[in-house]
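Below is run-v7.cif, which holds mmCIF, C-alpha atoms and all ligand atoms.
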```cif
data_model
loop_
_atom_site.label_atom_id
_atom_site.label_comp_id
_atom_site.auth_asym_id
_atom_site.auth_seq_id
_atom_site.Cartn_x
_atom_site.Cartn_y
_atom_site.Cartn_z
CA MET M 1 280.47 103.99 -117.12
CA LYS M 2 277.67 103.74 -114.56
CA PHE M 3 274.44 105.43 -115.46
CA ASP M 4 272.36 104.49 -112.41
CA LYS M 5 273.01 107.80 -110.71
CA TYR M 6 271.17 109.60 -113.52
CA TYR M 7 267.91 107.78 -112.81
CA SER M 8 265.21 109.20 -110.59
CA LYS M 9 264.49 107.25 -107.42
CA LYS M 10 261.23 106.11 -109.00
CA ALA M 11 262.99 104.86 -112.13
CA ARG M 12 265.50 102.89 -110.07
CA ASN M 13 262.64 100.97 -108.47
CA MET M 14 260.83 100.21 -111.73
CA GLU M 15 260.42 96.58 -112.61
CA SER M 16 259.53 95.11 -115.96
CA SER M 17 256.23 93.30 -116.25
CA LYS M 18 256.86 89.52 -116.13
CA ILE M 19 254.35 88.97 -118.92
CA ARG M 20 256.23 91.32 -121.21
CA GLU M 21 259.46 89.50 -120.40
CA ILE M 22 257.87 86.15 -121.13
CA SER M 23 256.45 87.54 -124.38
CA LYS M 24 259.93 88.69 -125.38
CA ILE M 25 261.45 85.23 -124.82
CA ILE M 26 258.62 83.62 -126.75
CA SER M 27 258.78 86.04 -129.65
CA GLU M 28 262.41 85.01 -130.14
CA ARG M 29 261.46 81.31 -130.28
CA THR M 30 259.24 80.16 -133.12
CA ASP M 31 259.13 76.58 -131.74
CA ILE M 32 257.02 77.51 -128.71
CA ILE M 33 253.23 77.27 -128.55
CA SER M 34 252.35 80.30 -126.50
CA LEU M 35 249.35 79.98 -124.24
CA ALA M 36 250.91 82.82 -122.27
CA GLY M 37 250.14 86.23 -123.80
CA GLY M 38 246.83 88.02 -123.55
CA MET M 39 246.52 88.93 -127.18
CA PRO M 40 243.50 88.77 -129.46
CA SER M 41 243.69 86.47 -132.46
CA PRO M 42 245.12 88.27 -135.50
CA ASN M 43 242.19 86.69 -137.38
CA SER M 44 239.83 88.80 -135.31
CA PHE M 45 241.07 92.04 -136.86
CA PRO M 46 238.79 93.35 -139.62
CA ILE M 47 241.67 94.69 -141.68
CA GLU M 48 239.63 95.44 -144.81
CA VAL M 49 237.01 97.27 -142.79
CA VAL M 50 239.67 99.36 -141.09
CA SER M 51 241.19 100.13 -144.47
CA GLU M 52 237.84 101.32 -145.86
CA LEU M 53 237.01 103.31 -142.74
CA SER M 54 240.45 104.96 -142.86
CA ASP M 55 240.06 105.90 -146.54
CA ASP M 56 236.64 107.41 -145.91
CA LEU M 57 237.87 109.19 -142.81
CA LEU M 58 240.81 110.78 -144.60
CA GLU M 59 238.63 111.82 -147.50
CA GLU M 60 235.75 113.22 -145.50
CA ASN M 61 237.39 114.45 -142.31
CA GLY M 62 241.15 114.14 -142.79
CA ALA M 63 242.22 117.51 -141.42
CA GLU M 64 240.40 117.00 -138.14
CA ALA M 65 241.58 113.39 -137.76
CA LEU M 66 245.22 114.43 -138.18
CA GLN M 67 245.03 117.45 -135.86
CA TYR M 68 245.54 117.64 -132.08
CA GLY M 69 242.36 117.01 -130.18
CA THR M 70 240.93 117.93 -126.81
CA THR M 71 242.22 116.02 -123.80
CA THR M 72 238.79 114.66 -122.93
CA GLY M 73 238.44 113.09 -126.38
CA VAL M 74 236.56 113.48 -129.65
CA LYS M 75 233.12 114.70 -128.68
CA LYS M 76 231.08 112.46 -130.93
CA LEU M 77 233.05 109.42 -129.75
CA ARG M 78 232.39 110.34 -126.12
CA ASN M 79 228.69 110.66 -126.90
CA LYS M 80 228.69 107.37 -128.77
CA ILE M 81 230.37 105.52 -125.90
CA ALA M 82 227.76 106.90 -123.50
CA GLU M 83 224.93 106.02 -125.87
CA ARG M 84 226.14 102.40 -126.28
CA LEU M 85 226.52 101.98 -122.54
CA ASN M 86 222.99 103.30 -121.97
CA ARG M 87 221.62 101.03 -124.67
CA ASN M 88 223.41 97.89 -123.50
CA PHE M 89 223.14 98.32 -119.76
CA ASP M 90 220.29 100.62 -118.98
CA THR M 91 222.46 103.40 -117.58
CA SER M 92 221.86 107.11 -118.10
CA VAL M 93 225.22 108.69 -118.77
CA SER M 94 226.17 111.33 -121.32
CA GLY M 95 229.33 112.30 -123.22
CA GLY M 96 230.31 114.54 -120.29
CA ASN M 97 230.75 111.42 -118.17
CA VAL M 98 233.30 109.97 -120.60
CA LEU M 99 237.05 110.51 -120.85
CA VAL M 100 238.72 108.88 -123.85
CA THR M 101 242.10 107.39 -122.91
CA SER M 102 245.02 105.72 -124.63
CA GLY M 103 243.74 102.24 -123.91
CA ALA M 104 242.24 100.98 -120.67
CA GLN M 105 245.79 100.80 -119.34
CA GLN M 106 246.13 104.57 -119.37
CA ALA M 107 242.71 104.82 -117.76
CA LEU M 108 243.98 102.72 -114.86
CA TYR M 109 247.18 104.74 -114.63
CA LEU M 110 245.25 108.01 -114.47
CA ILE M 111 242.91 106.59 -111.85
CA GLY M 112 246.01 105.68 -109.85
CA LYS M 113 247.29 109.20 -110.21
CA VAL M 114 244.06 110.90 -109.19
CA PHE M 115 242.68 108.61 -106.51
CA ILE M 116 245.53 106.67 -104.91
CA GLN M 117 248.47 107.71 -102.82
CA ARG M 118 251.22 105.95 -100.93
CA ASP M 119 250.00 103.55 -98.22
CA ASP M 120 246.34 103.79 -99.27
CA GLN M 121 244.60 100.47 -98.76
CA ILE M 122 243.48 99.19 -102.14
CA LEU M 123 241.31 96.11 -102.46
CA VAL M 124 242.00 93.77 -105.36
CA GLU M 125 240.79 90.35 -106.29
CA ALA M 126 243.36 87.62 -105.78
CA PRO M 127 244.40 86.87 -108.43
CA THR M 128 244.06 90.14 -110.34
CA TYR M 129 245.27 91.96 -113.48
CA ALA M 130 249.06 92.10 -113.21
CA SER M 131 249.51 95.48 -114.91
CA MET M 132 247.25 97.08 -112.31
CA LEU M 133 249.49 95.64 -109.62
CA GLN M 134 252.41 97.27 -111.42
CA ILE M 135 250.65 100.63 -111.13
CA LEU M 136 249.85 100.09 -107.45
CA LYS M 137 253.44 99.08 -106.76
CA GLU M 138 254.74 102.25 -108.36
CA ILE M 139 252.47 104.30 -106.10
CA ASP M 140 253.47 102.18 -103.07
CA ALA M 141 249.86 101.49 -102.23
CA ASP M 142 248.96 99.01 -99.52
CA VAL M 143 247.43 96.25 -101.65
CA ARG M 144 244.89 93.99 -99.95
CA ASP M 145 244.10 90.71 -101.69
CA ILE M 146 240.57 89.35 -101.48
CA ASN M 147 240.49 85.75 -102.68
CA LEU M 148 238.36 84.82 -105.64
CA LYS M 149 235.88 81.99 -105.52
CA GLU M 150 233.98 80.42 -108.40
CA ASP M 151 231.36 83.20 -108.38
CA GLY M 152 233.62 86.13 -107.51
CA TYR M 153 235.37 87.60 -104.47
CA SER M 154 235.00 86.04 -101.05
CA VAL M 155 232.30 88.07 -99.30
CA GLU M 156 233.36 86.63 -95.94
CA GLU M 157 236.95 87.75 -96.39
CA LEU M 158 235.98 91.23 -97.46
CA GLN M 159 233.51 91.52 -94.62
CA SER M 160 235.97 90.37 -91.99
CA TYR M 161 238.63 92.76 -93.34
CA LEU M 162 236.17 95.66 -93.15
CA GLU M 163 234.87 94.70 -89.72
CA SER M 164 238.36 94.44 -88.32
CA GLY M 165 239.05 98.08 -89.09
CA GLY M 166 240.06 97.85 -92.75
CA ASN M 167 239.82 101.24 -94.38
CA PRO M 168 240.07 100.95 -98.17
CA GLY M 169 240.22 103.98 -100.41
CA LEU M 170 239.22 102.05 -103.44
CA ALA M 171 238.43 98.57 -104.73
CA TYR M 172 239.78 97.56 -108.13
CA PHE M 173 237.74 94.72 -109.63
CA VAL M 174 237.56 92.96 -113.00
CA PRO M 175 234.21 91.32 -112.36
CA THR M 176 233.41 89.95 -115.81
CA PHE M 177 235.44 87.14 -117.44
CA GLN M 178 238.32 88.26 -115.33
CA ASN M 179 241.91 88.46 -116.43
CA PRO M 180 243.55 86.19 -115.30
CA SER M 181 240.99 83.74 -113.90
CA GLY M 182 238.09 83.88 -116.38
CA ILE M 183 235.77 84.14 -113.34
CA THR M 184 232.60 86.25 -113.39
CA THR M 185 231.32 87.83 -110.18
CA SER M 186 227.66 87.03 -109.55
CA ARG M 187 225.04 89.76 -109.53
CA GLU M 188 224.47 89.24 -105.79
CA LYS M 189 228.14 89.79 -105.05
CA ARG M 190 228.20 92.88 -107.25
CA GLU M 191 225.30 94.32 -105.28
CA LYS M 192 226.98 93.35 -102.03
CA LEU M 193 230.17 95.14 -103.10
CA ILE M 194 228.20 98.33 -103.73
CA GLU M 195 226.65 97.93 -100.28
CA PHE M 196 230.08 97.52 -98.68
CA ALA M 197 231.40 100.52 -100.61
CA THR M 198 228.48 102.66 -99.51
CA GLU M 199 228.67 101.61 -95.90
CA HIS M 200 232.45 102.00 -95.65
CA ASP M 201 232.67 104.90 -98.07
CA PHE M 202 235.13 103.72 -100.70
CA LEU M 203 235.17 103.90 -104.50
CA ILE M 204 234.93 100.99 -106.91
CA VAL M 205 236.91 100.79 -110.13
CA GLU M 206 235.31 98.34 -112.54
CA ASP M 207 237.71 97.30 -115.29
CA ASP M 208 235.58 95.71 -117.98
CA PRO M 209 237.45 94.95 -121.23
CA TYR M 210 235.84 91.57 -121.89
CA HIS M 211 232.16 92.15 -121.17
CA GLN M 212 230.97 91.68 -124.72
CA LEU M 213 233.08 88.59 -125.42
CA ARG M 214 230.41 86.36 -123.93
CA TYR M 215 230.04 82.75 -125.07
CA SER M 216 227.00 81.77 -123.02
CA GLU M 217 223.53 83.21 -122.54
CA ASN M 218 223.85 84.37 -118.93
CA SER M 219 224.67 88.02 -118.80
CA VAL M 220 225.48 89.92 -115.61
CA PRO M 221 225.15 93.71 -115.63
CA PRO M 222 228.23 95.81 -114.89
CA ILE M 223 228.61 97.01 -111.31
CA PHE M 224 228.53 100.52 -112.74
CA SER M 225 224.96 100.02 -113.94
CA LEU M 226 223.81 98.75 -110.53
CA ASP M 227 225.37 101.60 -108.57
CA ASP M 228 222.87 104.46 -108.27
CA GLN M 229 225.28 106.61 -106.26
CA SER M 230 227.92 106.75 -109.00
CA ARG M 231 230.75 105.69 -106.74
CA THR M 232 231.84 103.26 -109.44
CA ILE M 233 234.37 104.31 -112.06
CA TYR M 234 233.94 102.26 -115.20
CA VAL M 235 236.80 101.44 -117.57
CA GLY M 236 236.26 100.16 -121.11
CA THR M 237 238.32 99.65 -124.25
CA ILE M 238 238.11 98.98 -127.97
CA SER M 239 241.13 96.66 -127.74
CA LYS M 240 239.19 93.42 -127.66
CA LEU M 241 236.35 94.56 -129.93
CA LEU M 242 238.44 95.98 -132.76
CA ALA M 243 242.20 96.15 -132.22
CA PRO M 244 244.53 96.89 -129.29
CA GLY M 245 247.00 98.63 -131.61
CA LEU M 246 244.61 101.59 -131.94
CA ARG M 247 245.01 102.36 -128.22
CA VAL M 248 241.52 103.66 -127.53
CA GLY M 249 239.94 103.13 -124.13
CA TRP M 250 237.65 105.13 -121.86
CA ILE M 251 236.63 106.00 -118.35
CA VAL M 252 232.98 106.57 -117.50
CA ALA M 253 232.34 108.31 -114.20
CA ARG M 254 230.68 111.29 -112.53
CA GLU M 255 231.58 114.54 -114.28
CA GLU M 256 233.65 115.92 -111.41
CA PHE M 257 235.86 112.81 -111.58
CA ILE M 258 236.20 113.17 -115.35
CA ASP M 259 237.32 116.79 -114.86
CA LYS M 260 240.09 115.74 -112.49
CA LEU M 261 241.12 112.78 -114.62
CA GLN M 262 241.46 114.93 -117.72
CA LEU M 263 243.72 117.28 -115.75
CA ALA M 264 245.89 114.28 -114.91
CA LYS M 265 245.94 113.26 -118.57
CA GLN M 266 246.97 116.65 -119.97
CA PRO M 267 250.69 116.40 -119.17
CA VAL M 268 250.82 112.72 -120.12
CA ASP M 269 249.88 112.85 -123.81
CA LEU M 270 247.76 115.98 -124.43
CA CYS M 271 245.18 113.81 -126.13
CA THR M 272 244.51 110.24 -127.22
CA ASN M 273 245.42 109.40 -130.84
CA VAL M 274 242.84 111.44 -132.72
CA PHE M 275 242.92 109.35 -135.88
CA SER M 276 242.19 106.19 -133.84
CA GLN M 277 239.37 107.97 -132.05
CA HIS M 278 237.67 108.95 -135.31
CA LEU M 279 238.13 105.45 -136.66
CA THR M 280 236.65 103.96 -133.51
CA TYR M 281 233.73 106.37 -133.74
CA ARG M 282 232.94 105.28 -137.30
CA TYR M 283 233.28 101.62 -136.34
CA LEU M 284 230.75 102.08 -133.53
CA GLU M 285 228.47 104.48 -135.35
CA LYS M 286 228.02 102.32 -138.43
CA GLY M 287 227.18 99.32 -136.24
CA ILE M 288 230.10 97.32 -137.66
CA VAL M 289 231.18 96.56 -134.10
CA ASP M 290 228.14 94.40 -133.39
CA ARG M 291 228.62 92.23 -136.49
CA GLN M 292 232.30 91.96 -135.68
CA ILE M 293 231.66 90.97 -132.05
CA GLY M 294 229.49 88.12 -133.36
CA LYS M 295 232.39 86.87 -135.48
CA ILE M 296 234.91 87.20 -132.66
CA ILE M 297 232.62 85.29 -130.31
CA ASP M 298 232.27 82.41 -132.79
CA LEU M 299 236.03 82.30 -133.22
CA TYR M 300 236.83 82.39 -129.52
CA ARG M 301 234.04 80.14 -128.30
CA ALA M 302 235.40 77.31 -130.47
CA LYS M 303 238.89 77.91 -129.09
CA ARG M 304 237.67 77.97 -125.51
CA ASP M 305 235.80 74.72 -126.07
CA GLN M 306 238.91 73.17 -127.60
CA MET M 307 241.00 74.17 -124.62
CA LEU M 308 238.46 72.83 -122.12
CA GLU M 309 238.26 69.57 -124.04
CA SER M 310 242.05 69.24 -124.20
CA LEU M 311 242.41 69.99 -120.50
CA GLU M 312 239.93 67.21 -119.78
CA GLU M 313 241.82 64.85 -122.05
CA PHE M 314 245.43 65.56 -121.14
CA LEU M 315 245.63 66.87 -117.57
CA PRO M 316 245.89 64.74 -114.45
CA ASN M 317 242.81 64.59 -112.22
CA SER M 318 244.61 66.50 -109.49
CA VAL M 319 244.54 69.71 -111.57
CA GLU M 320 241.52 72.04 -111.38
CA TRP M 321 240.55 74.76 -113.81
CA THR M 322 237.90 77.43 -114.32
CA THR M 323 235.23 77.28 -117.05
CA PRO M 324 234.97 80.86 -118.28
CA GLU M 325 231.74 81.98 -119.89
CA GLY M 326 233.61 84.61 -121.86
CA GLY M 327 236.87 86.48 -122.20
CA MET M 328 240.25 85.05 -123.05
CA PHE M 329 241.63 83.06 -120.12
CA ILE M 330 241.45 79.82 -118.14
CA TRP M 331 243.01 79.55 -114.69
CA LEU M 332 244.61 76.36 -113.47
CA THR M 333 245.25 75.25 -109.90
CA LEU M 334 247.82 72.47 -109.65
CA PRO M 335 248.69 70.27 -106.68
CA ASP M 336 250.39 72.30 -103.93
CA ILE M 337 253.81 70.78 -104.43
CA ILE M 338 254.16 72.26 -107.91
CA ASP M 339 255.67 75.72 -108.23
CA THR M 340 254.73 77.07 -111.66
CA ASP M 341 257.58 79.62 -111.59
CA GLU M 342 260.04 76.78 -111.16
CA MET M 343 258.29 74.66 -113.78
CA PHE M 344 258.38 77.45 -116.37
CA GLN M 345 261.79 76.68 -117.89
CA GLY M 346 260.70 73.06 -118.30
CA ALA M 347 257.67 74.28 -120.22
CA LEU M 348 259.82 76.32 -122.59
CA ASP M 349 262.09 73.30 -123.10
CA LYS M 350 259.02 71.29 -124.06
CA GLY M 351 257.82 74.01 -126.43
CA VAL M 352 254.84 75.44 -124.55
CA ALA M 353 254.42 78.64 -122.53
CA TYR M 354 251.99 79.76 -119.83
CA VAL M 355 252.00 82.61 -117.34
CA PRO M 356 252.95 81.56 -113.79
CA GLY M 357 250.15 82.52 -111.41
CA SER M 358 252.38 84.22 -108.84
CA ILE M 359 252.52 87.51 -110.77
CA PHE M 360 248.78 88.01 -110.39
CA TYR M 361 248.81 88.38 -106.60
CA GLY M 362 249.34 91.60 -104.67
CA THR M 363 250.58 89.70 -101.64
CA LYS M 364 250.97 86.00 -100.82
CA PRO M 365 251.20 84.49 -104.30
CA ARG M 366 249.73 81.04 -104.82
CA LYS M 367 252.65 79.36 -106.52
CA ASN M 368 250.70 76.36 -107.79
CA THR M 369 248.56 78.34 -110.23
CA LEU M 370 248.93 79.41 -113.86
CA ARG M 371 247.05 81.29 -116.58
CA LEU M 372 246.31 79.98 -120.06
CA ASN M 373 245.15 82.10 -122.98
CA PHE M 374 243.00 80.46 -125.63
CA THR M 375 242.46 83.29 -128.13
CA PHE M 376 245.83 83.87 -129.75
CA VAL M 377 246.93 80.48 -131.03
CA GLU M 378 245.16 78.30 -133.59
CA LYS M 379 242.82 75.55 -132.40
CA GLU M 380 245.21 72.75 -133.38
CA GLN M 381 247.99 74.34 -131.40
CA ILE M 382 245.77 74.54 -128.33
CA GLU M 383 245.45 70.78 -128.33
CA GLU M 384 249.17 70.25 -128.82
CA GLY M 385 250.11 72.89 -126.24
CA VAL M 386 247.80 71.48 -123.56
CA LYS M 387 249.11 67.97 -124.29
CA LYS M 388 252.67 69.17 -123.67
CA LEU M 389 251.53 70.92 -120.49
CA GLY M 390 249.87 67.72 -119.29
CA GLU M 391 253.12 65.77 -119.83
CA LEU M 392 255.09 68.43 -118.01
CA ILE M 393 252.77 68.45 -114.99
CA ARG M 394 252.90 64.66 -114.74
CA GLU M 395 256.72 64.80 -114.82
CA ASN M 396 256.63 67.29 -111.95
CA LEU M 397 254.39 65.14 -109.76
CA PRO M 398 255.98 62.63 -107.38
C1 LIG N 401 241.83 93.58 -117.11
C2 LIG N 401 242.51 94.40 -118.13
N1 LIG N 401 242.52 95.73 -117.99
C3 LIG N 401 243.11 96.52 -118.87
C4 LIG N 401 243.75 96.01 -119.99
C5 LIG N 401 244.44 96.95 -120.94
O1 LIG N 401 243.69 97.12 -122.08
P1 LIG N 401 244.06 98.19 -123.19
O2 LIG N 401 244.58 97.43 -124.36
O3 LIG N 401 242.76 98.85 -123.53
O4 LIG N 401 245.04 99.13 -122.62
C6 LIG N 401 243.76 94.62 -120.18
C7 LIG N 401 244.46 94.07 -121.35
O5 LIG N 401 244.72 92.92 -121.48
C8 LIG N 401 243.13 93.81 -119.24
O6 LIG N 401 243.09 92.48 -119.34
#
```

Show me, as structure tokens, the structure contained in the file I just sent.
Ligand SMILES: Cc1ncc(COP(=O)(O)O)c(C=O)c1O
Amino acid sequence: MKFDKYYSKKARNMESSKIREISKIISERTDIISLAGGMPSPNSFPIEVVSELSDDLLEENGAEALQYGTTTGVKKLRNKIAERLNRNFDTSVSGGNVLVTSGAQQALYLIGKVFIQRDDQILVEAPTYASMLQILKEIDADVRDINLKEDGYSVEELQSYLESGGNPGLAYFVPTFQNPSGITTSREKREKLIEFATEHDFLIVEDDPYHQLRYSENSVPPIFSLDDQSRTIYVGTISKLLAPGLRVGWIVAREEFIDKLQLAKQPVDLCTNVFSQHLTYRYLEKGIVDRQIGKIIDLYRAKRDQMLESLEEFLPNSVEWTTPEGGMFIWLTLPDIIDTDEMFQGALDKGVAYVPGSIFYGTKPRKNTLRLNFTFVEKEQIEEGVKKLGELIRENLP
């Protein structure tokens, strides 16, 4: 029996995320070292702390934590998120500027729903976060890639696009320790982006899940904190600072935007998991988060250093890679003749996995690129995985 006819037109066009497909293959094979996924290390989860916080929460505030909540989110969590942002980045927002979402992913989905329609020109970095591209594809937006350089988007490209009549509704950027490239946009380029947005009247969405996973001293303020006109919509999450399984993220924006976004959220899930919200609040309020971030940074910095060292040791000179100052990813550019989609099966056969770079482009994929994750696997496996990758690349060179 054929069931296709039962699907909506939208459902018929839905495509699975390549990363999720890769993750599925890998999860069925225990012999593969996966440098593919984007997951935190299981060792970064403070399980005992969560257990204690949960016990206390149930004892002291159980009825509220197990009840439905408001769509905008638990009030004291919203206030806390605003307070932390103000403290860390010198902003002046309040709880009314915050919408709690089911992860940053829902935040992006809601932003898509409220601000983007079919054929709207949307600027993205090339490469960019693949699950945002999935959202844009569903909407049928007109995605415009702006190539990334070592210090962020190409100003020249953006300028020439704007000067030649480009009319973007919104720019979606991951300016700090970007997924997938690990690149951080310089302060100058952030300021320039705000200037462009002001002059050409478009909004900026700043997706910032990795900001606090910083392994070097140089810190760059979020675009949101530099934008005195509040045309930037800021997206944050607890996923990388506590645990992605809790599904707590947030949007910080002008109150009128928050009002619209919460209307878009109502029919989706009524409210974000209330128990998780209370847990997150306690985690932030008691200051446990800052101690925990310190531990996560130590764990990940060592892994990043191991990966950089292994790349140096095992990869041919013709391969280039980024040196991220934070986050979870390193981006590789291979010689032009290598197609990392085609090479992928060979990698699995060798027992290593990466994410082919092509999925991170809105248009014109660069087929000779790939993303490596250094947070999930153990240090020893990083060395072994990169060694296998080095062998594979050499085998694919003439
Ligand atoms: C750039 C970016 N945005 C959003 C997300 C989604 O985060 P969350 O787990 O909060 O939904 C991720 C997760 O990897 C990400 O890398």

- Item | Proximity to Leu242 in chain M - best of M:Asn13, M:Asn43, M:Ser225, M:Asn368, all atoms listed in the file | M:Asn43

- Item | Residue neighbourhood Asn86 in chain M, 12 Å, only C-alpha atoms, exclusion window fewer than 5 positions, as a PyMOL selection string | chain M and resi 79-81+91-95+97+221-222+224-225+252

Counting all atoms listed in the file, which residues of chain M fall within 6 Å of ligand LIG 401 (chain N), and what is the closest atom pair for each with its distance in Å at one decimal, ordered by chain and rising number, as a tab-separated table?
```
residue	atom	partner	partner_atom	distance
M:Gly38	CA	N:LIG401	O5	5.7
M:Gly103	CA	N:LIG401	O3	3.5
M:Ala104	CA	N:LIG401	O3	3.6
M:Gln105	CA	N:LIG401	O4	3.8
M:Tyr129	CA	N:LIG401	C1	5.3
M:Val174	CA	N:LIG401	C1	6.0
M:Asn179	CA	N:LIG401	O6	5.1
M:Asp207	CA	N:LIG401	N1	5.7
M:Pro209	CA	N:LIG401	C2	6.0
M:Thr237	CA	N:LIG401	O3	4.6
M:Ser239	CA	N:LIG401	O2	4.9
M:Pro244	CA	N:LIG401	O2	5.0
M:Gly249	CA	N:LIG401	O3	5.2
```

- Item | Which of M:Leu315, M:Leu332, M:Leu348, M:Val355 sits closest to Arg29 in chain M [using only C-alpha atoms] |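 So, comparing all the options, the nearest one is M:Leu348.
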
Non-local contacts of Leu279 in chain M (10 Å; all atoms listed in the file; under 4 positions in same chain excluded) as a JSON list (two decimals) with C-alpha atoms, in the frame of the given file:
```json
[["chain", "number", "residue", "atom", "x", "y", "z"],
["M", 50, "VAL", "CA", 239.67, 99.36, -141.09],
["M", 51, "SER", "CA", 241.19, 100.13, -144.47],
["M", 53, "LEU", "CA", 237.01, 103.31, -142.74],
["M", 54, "SER", "CA", 240.45, 104.96, -142.86],
["M", 56, "ASP", "CA", 236.64, 107.41, -145.91],
["M", 57, "LEU", "CA", 237.87, 109.19, -142.81],
["M", 58, "LEU", "CA", 240.81, 110.78, -144.60],
["M", 65, "ALA", "CA", 241.58, 113.39, -137.76],
["M", 77, "LEU", "CA", 233.05, 109.42, -129.75],
["M", 246, "LEU", "CA", 244.61, 101.59, -131.94],
["M", 248, "VAL", "CA", 241.52, 103.66, -127.53],
["M", 274, "VAL", "CA", 242.84, 111.44, -132.72],
["M", 275, "PHE", "CA", 242.92, 109.35, -135.88],
["M", 283, "TYR", "CA", 233.28, 101.62, -136.34],
["M", 284, "LEU", "CA", 230.75, 102.08, -133.53],
["M", 285, "GLU", "CA", 228.47, 104.48, -135.35]]
```

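If you count only C-alpha atoms and draw a sphere of 12 Å around (226.8, 83.7, -116.7), the protein and nucleic acid residues inside it come out as Glu150, Asp151, Gly152, Pro175, Thr176, Phe177, Gly182, Ile183, Thr184, Thr185, Ser186, Arg187, His211, Leu213, Arg214, Tyr215, Ser216, Glu217, Asn218, Ser219, Val220, Pro221, Thr323, Pro324, Glu325, Gly326 and Gly327 of chain M.
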
- Item | Pick from M:Ser310, M:Gln277, M:Ser160, M:Asn373 nearest to Pro40 in chain M, counting all atoms listed in the file |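 The shortest atom-to-atom distance to Pro40 in chain M comes from M:Asn373.
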
- Message: If I take CA of Lys18 in chain M and CA of Gln212 in chain M, how far is one from the other in Å, to one decimal?
- Response: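 Between CA of Lys18 in chain M and CA of Gln212 in chain M the gap works out to 27.4 Å.
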
- Which residue of M:Arg87, M:Lys137, M:Lys149, M:Lys76 approaches Gln117 in chain M most closely, using only C-alpha atoms: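 When distances to Gln117 in chain M are compared using only C-alpha atoms, the smallest one comes from M:Lys137.
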
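With distances restricted to all atoms listed in the file, M:Arg371 is the closest residue to Ile330 in chain M from M:His278, M:Arg371, M:Arg366, M:Arg301.
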
- Message: Between CA of Val143 in chain M and CA of Asp119 in chain M, what is the distance in Å, rounded to a tenth?
- Response: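 So the answer is 8.5 Å.
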
- Message: Just the number, please: distance in Å from CA of Leu170 in chain M to CA of Ile359 in chain M, one decimal.
- Response: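 If I compute the distance from CA of Leu170 in chain M to CA of Ile359 in chain M, I get 21.0 Å.
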
Neighbour list for Ser34 in chain M as a PDB file with C-alpha atoms, in the frame of the given file, cut-off 12 Å, all atoms listed in the file, skip fewer than 2 positions in-chain:
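That gives us selection37.pdb:
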```
ATOM      1  CA  ILE M  19     254.350  88.970-118.920  1.00  0.00           C
ATOM      2  CA  ILE M  22     257.870  86.150-121.130  1.00  0.00           C
ATOM      3  CA  SER M  23     256.450  87.540-124.380  1.00  0.00           C
ATOM      4  CA  LYS M  24     259.930  88.690-125.380  1.00  0.00           C
ATOM      5  CA  ILE M  25     261.450  85.230-124.820  1.00  0.00           C
ATOM      6  CA  ILE M  26     258.620  83.620-126.750  1.00  0.00           C
ATOM      7  CA  SER M  27     258.780  86.040-129.650  1.00  0.00           C
ATOM      8  CA  GLU M  28     262.410  85.010-130.140  1.00  0.00           C
ATOM      9  CA  ARG M  29     261.460  81.310-130.280  1.00  0.00           C
ATOM     10  CA  THR M  30     259.240  80.160-133.120  1.00  0.00           C
ATOM     11  CA  ASP M  31     259.130  76.580-131.740  1.00  0.00           C
ATOM     12  CA  ILE M  32     257.020  77.510-128.710  1.00  0.00           C
ATOM     13  CA  ALA M  36     250.910  82.820-122.270  1.00  0.00           C
ATOM     14  CA  GLY M  37     250.140  86.230-123.800  1.00  0.00           C
ATOM     15  CA  GLY M  38     246.830  88.020-123.550  1.00  0.00           C
ATOM     16  CA  MET M  39     246.520  88.930-127.180  1.00  0.00           C
ATOM     17  CA  ALA M 347     257.670  74.280-120.220  1.00  0.00           C
ATOM     18  CA  LEU M 348     259.820  76.320-122.590  1.00  0.00           C
ATOM     19  CA  LYS M 350     259.020  71.290-124.060  1.00  0.00           C
ATOM     20  CA  GLY M 351     257.820  74.010-126.430  1.00  0.00           C
ATOM     21  CA  VAL M 352     254.840  75.440-124.550  1.00  0.00           C
ATOM     22  CA  ALA M 353     254.420  78.640-122.530  1.00  0.00           C
ATOM     23  CA  TYR M 354     251.990  79.760-119.830  1.00  0.00           C
ATOM     24  CA  VAL M 355     252.000  82.610-117.340  1.00  0.00           C
ATOM     25  CA  ARG M 371     247.050  81.290-116.580  1.00  0.00           C
ATOM     26  CA  LEU M 372     246.310  79.980-120.060  1.00  0.00           C
ATOM     27  CA  ASN M 373     245.150  82.100-122.980  1.00  0.00           C
ATOM     28  CA  PHE M 374     243.000  80.460-125.630  1.00  0.00           C
ATOM     29  CA  THR M 375     242.460  83.290-128.130  1.00  0.00           C
ATOM     30  CA  PHE M 376     245.830  83.870-129.750  1.00  0.00           C
ATOM     31  CA  VAL M 377     246.930  80.480-131.030  1.00  0.00           C
ATOM     32  CA  GLU M 378     245.160  78.300-133.590  1.00  0.00           C
ATOM     33  CA  GLN M 381     247.990  74.340-131.400  1.00  0.00           C
ATOM     34  CA  ILE M 382     245.770  74.540-128.330  1.00  0.00           C
ATOM     35  CA  GLU M 383     245.450  70.780-128.330  1.00  0.00           C
ATOM     36  CA  GLU M 384     249.170  70.250-128.820  1.00  0.00           C
ATOM     37  CA  GLY M 385     250.110  72.890-126.240  1.00  0.00           C
ATOM     38  CA  VAL M 386     247.800  71.480-123.560  1.00  0.00           C
ATOM     39  CA  LYS M 388     252.670  69.170-123.670  1.00  0.00           C
ATOM     40  CA  LEU M 389     251.530  70.920-120.490  1.00  0.00           C
TER      41      LEU M 389
END
```

- Task: Rank nothing, just name the residue among M:Gly169, M:Gly362, M:Pro267, M:Gly357 nearest to Thr340 in chain M, using all atoms listed in the file.
- Result: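 Of M:Gly169, M:Gly362, M:Pro267, M:Gly357, the one nearest Thr340 in chain M, counting all atoms listed in the file, is M:Gly357.
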